[in-house]
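Colleague: Please read through the structure below; I'll follow up with questions.
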Amino acid sequence: MHVELVLFDTRRAIARTVEKLRSLRLIGVVERADHPADTLGRVRATVLTAGDSVLTAGPEGIAPGRSIEETAELLRRQLAAGVLAHDCAGNQRAATVPANIADRMQGAGAEQQEIRRVYVLPTSFSAEKADIEFLAFCVGGAITHVQVGGRDVLVGFPRRPSTWPKSQRPVVQLIAMSDHVEVAVYSTSAVQWWRGPLKAARQQAVVSLLSVWNAPPVRLVEDSAGHGPYPAMVRGQAIALERLGQAVPSVPEDFPAAAGRSLSELGLDREAIDEFVALAASEWSAELLPRLVRLLRLPEEVASLATGELTADSLPGAVAADSTGALAQLTERRYRR
């Protein structure tokens, strides 16, 4: 059963949810992500059920516990949260909020959120000839332009998907949070004017290569300190159940070819491209971000700019701008709910 909670107090949203689910001896996992949990108090969990009841692990073994509805109501009271519960087929099993609020909770994940993104512009980019407001329009929101390590870098908070014309590509976009890293490449080869101006314009928003790494979810039984109330056999059974269905890192079949096309535009050789493909198929780790920055031959400061440890406006020569004007407003309006 998939459970979605929106905690009214967003502080330590994930940690408090994990603590409560463990106190109820539920079996399952809680997804980890800096966003939107820490900003919206929105947490997702998957717990095991049998029929209309949730499964619990205790001294007597694994057995059905409270009903799904009772569990949802208990979480609502003790976490001060709105709670939705769905089975794996998407059927709603419990809701502690009115239907209109439930629909809003489900749709919140699809909304464009203003997350810090770092854009590394091509080596051919000329800051002297650049129109900073046009770059803000490409990003789709407020930006700060800086030069680090001999490269031009934008730190932006887009309000819509970014659009990069062929003349500004290739562009590397990086997102980094404590347990989420994402890299995207906008290659020149992706914008093909021979297909016609309308299709070429649409292609300006298309990402040529995308890799995402997420920290593994928190397993309620396996990751708990000590053995708690679980006898060894029960703990082993619960851990085995938690591991069922956990995805093994992999990449699509056409990913190596796409990586070759996009990364060759960044000047990477075959060995570096193969290393990136292997990295894309690996699990998240704390060393992932600096390794990724080195592999893509980006300035070291890019990693600190992406995490927020280094702020762009604190660097010498920083220039700020925002996406303004009628065209920018019209474009952003397309992506508003």
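By convention in this document, the chains of the structure tokens carry letters A, B, ... by their order, each chain's residues are numbered from 1, and ligands are numbered from 1 in the order they are shown.
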Near range 265-277 of chain A, within 10 Å and counting only C-alpha atoms, which residues show up once chain neighbours fewer than 3 positions away are dropped, as a VMD selection string?
Modeller: chain A and resid 122 to 123 169 to 172 185 to 189 211 250 to 251 255 to 262 280 to 282 291 to 292 295 to 298
Colleague: For Trp284 in chain A, find every residue with an atom within 7 Å (counting only C-alpha atoms), except residues of its own chain fewer than 3 positions away, and show them as a list of chain:residue names.
Modeller: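 The neighbour list is A:Trp213, A:Asn214, A:Ala215, A:Leu288.
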Colleague: Export C-alpha atoms of the chosen residues as a PDB file, in the first residue's frame?
Modeller:
ATOM      1  CA  TRP A 213      20.400   9.360  -8.546  1.00  0.00           C
ATOM      2  CA  ASN A 214      18.316   9.058  -5.376  1.00  0.00           C
ATOM      3  CA  ALA A 215      19.462   7.830  -1.995  1.00  0.00           C
ATOM      4  CA  LEU A 288      28.712  10.941  -6.325  1.00  0.00           C
TER       5      LEU A 288
END
Colleague: Applying 10 Å and only C-alpha atoms, which residues near Leu26 in chain A remain after dropping the ones on its own chain fewer than 6 positions away? List them as a list in words.
Modeller: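 Listed by chain and then number, they are Val18, Lys20, Thr46, Val47, Leu48, Thr49, Val54, Leu55, Thr56, Ala57, Gly58, Ile62, Pro64, Gly65, Leu220, Val221 and Ala238 of chain A.
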Colleague: Using the chain letters and numbers from this document, which residues of range 57-195 of chain A does DSSP assign to strand (DSSP E), as a PyMOL selection string?
Modeller: chain A and resi 57-58+61-67+81-86+92-95+117-120+141-148+151-158+171-177+180-186
Colleague: Take the residues just selected and output them with N, CA and C atoms as a compact mmCIF listing (two decimals), in the first residue's frame.
Modeller:
# COMPACT_ATOMS: atom_id res chain seq x y z
N ALA A 57 5.33 -6.21 12.50
CA ALA A 57 6.34 -7.15 12.96
C ALA A 57 6.53 -6.95 14.46
N GLY A 58 6.34 -7.99 15.23
CA GLY A 58 6.47 -7.89 16.67
C GLY A 58 7.02 -9.16 17.26
N GLY A 61 5.76 -12.37 15.88
CA GLY A 61 5.92 -12.63 14.46
C GLY A 61 5.24 -11.57 13.62
N ILE A 62 5.12 -11.86 12.35
CA ILE A 62 4.48 -10.93 11.42
C ILE A 62 3.00 -11.27 11.33
N ALA A 63 2.16 -10.27 11.58
CA ALA A 63 0.72 -10.54 11.63
C ALA A 63 -0.04 -9.29 11.22
N PRO A 64 -1.32 -9.43 10.81
CA PRO A 64 -2.15 -8.26 10.50
C PRO A 64 -2.34 -7.40 11.74
N GLY A 65 -2.31 -6.08 11.56
CA GLY A 65 -2.51 -5.15 12.66
C GLY A 65 -3.80 -4.38 12.49
N ARG A 66 -3.73 -3.07 12.65
CA ARG A 66 -4.92 -2.23 12.49
C ARG A 66 -5.40 -2.25 11.04
N SER A 67 -6.63 -1.83 10.85
CA SER A 67 -7.14 -1.70 9.49
C SER A 67 -6.44 -0.52 8.81
N ALA A 81 -1.27 15.46 10.08
CA ALA A 81 -1.03 15.38 8.64
C ALA A 81 -2.28 14.95 7.90
N GLY A 82 -2.34 15.38 6.63
CA GLY A 82 -3.32 14.81 5.72
C GLY A 82 -2.76 13.50 5.20
N VAL A 83 -3.58 12.47 5.11
CA VAL A 83 -3.10 11.14 4.74
C VAL A 83 -3.95 10.56 3.62
N LEU A 84 -3.27 10.05 2.58
CA LEU A 84 -3.92 9.31 1.51
C LEU A 84 -3.29 7.94 1.43
N ALA A 85 -4.10 6.91 1.21
CA ALA A 85 -3.58 5.55 1.07
C ALA A 85 -4.17 4.92 -0.19
N HIS A 86 -3.31 4.37 -1.03
CA HIS A 86 -3.72 3.71 -2.27
C HIS A 86 -3.08 2.34 -2.37
N GLN A 92 -7.97 4.05 -4.17
CA GLN A 92 -7.90 4.69 -2.87
C GLN A 92 -8.46 3.78 -1.79
N ARG A 93 -7.67 3.61 -0.70
CA ARG A 93 -8.10 2.75 0.39
C ARG A 93 -8.47 3.55 1.64
N ALA A 94 -7.92 4.77 1.75
CA ALA A 94 -8.25 5.60 2.90
C ALA A 94 -7.85 7.04 2.60
N ALA A 95 -8.58 7.99 3.18
CA ALA A 95 -8.26 9.40 3.01
C ALA A 95 -8.77 10.14 4.25
N ARG A 117 18.98 25.28 -9.62
CA ARG A 117 19.65 24.58 -10.70
C ARG A 117 20.88 25.37 -11.14
N VAL A 118 21.93 24.65 -11.46
CA VAL A 118 23.16 25.27 -11.94
C VAL A 118 23.32 24.90 -13.41
N TYR A 119 23.57 25.90 -14.23
CA TYR A 119 23.75 25.70 -15.67
C TYR A 119 25.17 26.11 -16.05
N VAL A 120 25.91 25.16 -16.63
CA VAL A 120 27.26 25.46 -17.10
C VAL A 120 27.18 25.66 -18.61
N GLY A 141 13.45 31.89 -15.23
CA GLY A 141 13.28 32.46 -13.89
C GLY A 141 14.49 33.29 -13.52
N ALA A 142 14.57 33.62 -12.23
CA ALA A 142 15.66 34.46 -11.74
C ALA A 142 16.99 33.72 -11.82
N ILE A 143 18.04 34.43 -12.23
CA ILE A 143 19.36 33.82 -12.35
C ILE A 143 20.43 34.76 -11.78
N THR A 144 21.59 34.17 -11.51
CA THR A 144 22.79 34.93 -11.21
C THR A 144 23.91 34.36 -12.07
N HIS A 145 24.56 35.23 -12.82
CA HIS A 145 25.64 34.81 -13.71
C HIS A 145 26.98 35.06 -13.03
N VAL A 146 27.83 34.02 -13.03
CA VAL A 146 29.17 34.14 -12.46
C VAL A 146 30.16 33.42 -13.37
N GLN A 147 31.43 33.70 -13.18
CA GLN A 147 32.50 32.99 -13.86
C GLN A 147 33.34 32.27 -12.81
N VAL A 148 33.45 30.95 -12.96
CA VAL A 148 34.26 30.15 -12.04
C VAL A 148 35.08 29.17 -12.87
N ARG A 151 34.86 29.19 -16.63
CA ARG A 151 33.59 28.86 -17.30
C ARG A 151 32.50 29.81 -16.83
N ASP A 152 31.55 30.06 -17.73
CA ASP A 152 30.38 30.87 -17.39
C ASP A 152 29.29 29.97 -16.82
N VAL A 153 28.79 30.36 -15.66
CA VAL A 153 27.84 29.53 -14.92
C VAL A 153 26.64 30.37 -14.51
N LEU A 154 25.45 29.80 -14.62
CA LEU A 154 24.22 30.43 -14.16
C LEU A 154 23.67 29.62 -13.00
N VAL A 155 23.24 30.30 -11.96
CA VAL A 155 22.51 29.67 -10.87
C VAL A 155 21.10 30.22 -10.93
N GLY A 156 20.12 29.36 -11.16
CA GLY A 156 18.76 29.83 -11.39
C GLY A 156 17.71 29.06 -10.63
N PHE A 157 16.54 29.67 -10.51
CA PHE A 157 15.37 29.06 -9.90
C PHE A 157 14.22 29.16 -10.90
N PRO A 158 14.21 28.28 -11.91
CA PRO A 158 13.21 28.39 -12.98
C PRO A 158 11.79 28.15 -12.50
N VAL A 171 24.59 22.79 -23.03
CA VAL A 171 24.46 23.30 -21.66
C VAL A 171 24.33 22.10 -20.72
N VAL A 172 25.04 22.16 -19.61
CA VAL A 172 24.92 21.13 -18.58
C VAL A 172 24.14 21.71 -17.41
N GLN A 173 23.08 21.01 -17.00
CA GLN A 173 22.27 21.44 -15.86
C GLN A 173 22.49 20.47 -14.71
N LEU A 174 22.67 21.02 -13.51
CA LEU A 174 22.94 20.17 -12.35
C LEU A 174 22.04 20.56 -11.19
N ILE A 175 21.45 19.54 -10.55
CA ILE A 175 20.67 19.71 -9.32
C ILE A 175 21.31 18.81 -8.27
N ALA A 176 21.52 19.34 -7.09
CA ALA A 176 22.14 18.54 -6.03
C ALA A 176 21.50 18.84 -4.69
N MET A 177 20.98 17.80 -4.05
CA MET A 177 20.45 17.90 -2.70
C MET A 177 21.10 16.80 -1.87
N HIS A 180 19.80 13.54 -3.37
CA HIS A 180 19.30 13.54 -4.74
C HIS A 180 20.27 14.32 -5.62
N VAL A 181 20.71 13.70 -6.71
CA VAL A 181 21.57 14.37 -7.68
C VAL A 181 20.99 14.12 -9.06
N GLU A 182 20.98 15.18 -9.87
CA GLU A 182 20.42 15.09 -11.21
C GLU A 182 21.27 15.90 -12.17
N VAL A 183 21.63 15.30 -13.30
CA VAL A 183 22.38 16.01 -14.32
C VAL A 183 21.66 15.86 -15.65
N ALA A 184 21.57 16.98 -16.38
CA ALA A 184 20.91 16.98 -17.69
C ALA A 184 21.82 17.70 -18.67
N VAL A 185 21.81 17.22 -19.92
CA VAL A 185 22.59 17.85 -20.97
C VAL A 185 21.64 18.28 -22.08
N TYR A 186 21.74 19.54 -22.48
CA TYR A 186 21.02 20.06 -23.63
C TYR A 186 22.03 20.13 -24.79
Colleague: Find the residue from A:Val30, A:Leu289, A:Ala136, A:Leu121 that sits nearest to Val212 in chain A; use only C-alpha atoms when measuring.
Modeller: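 Under the stated criterion, the closest residue is A:Leu289.
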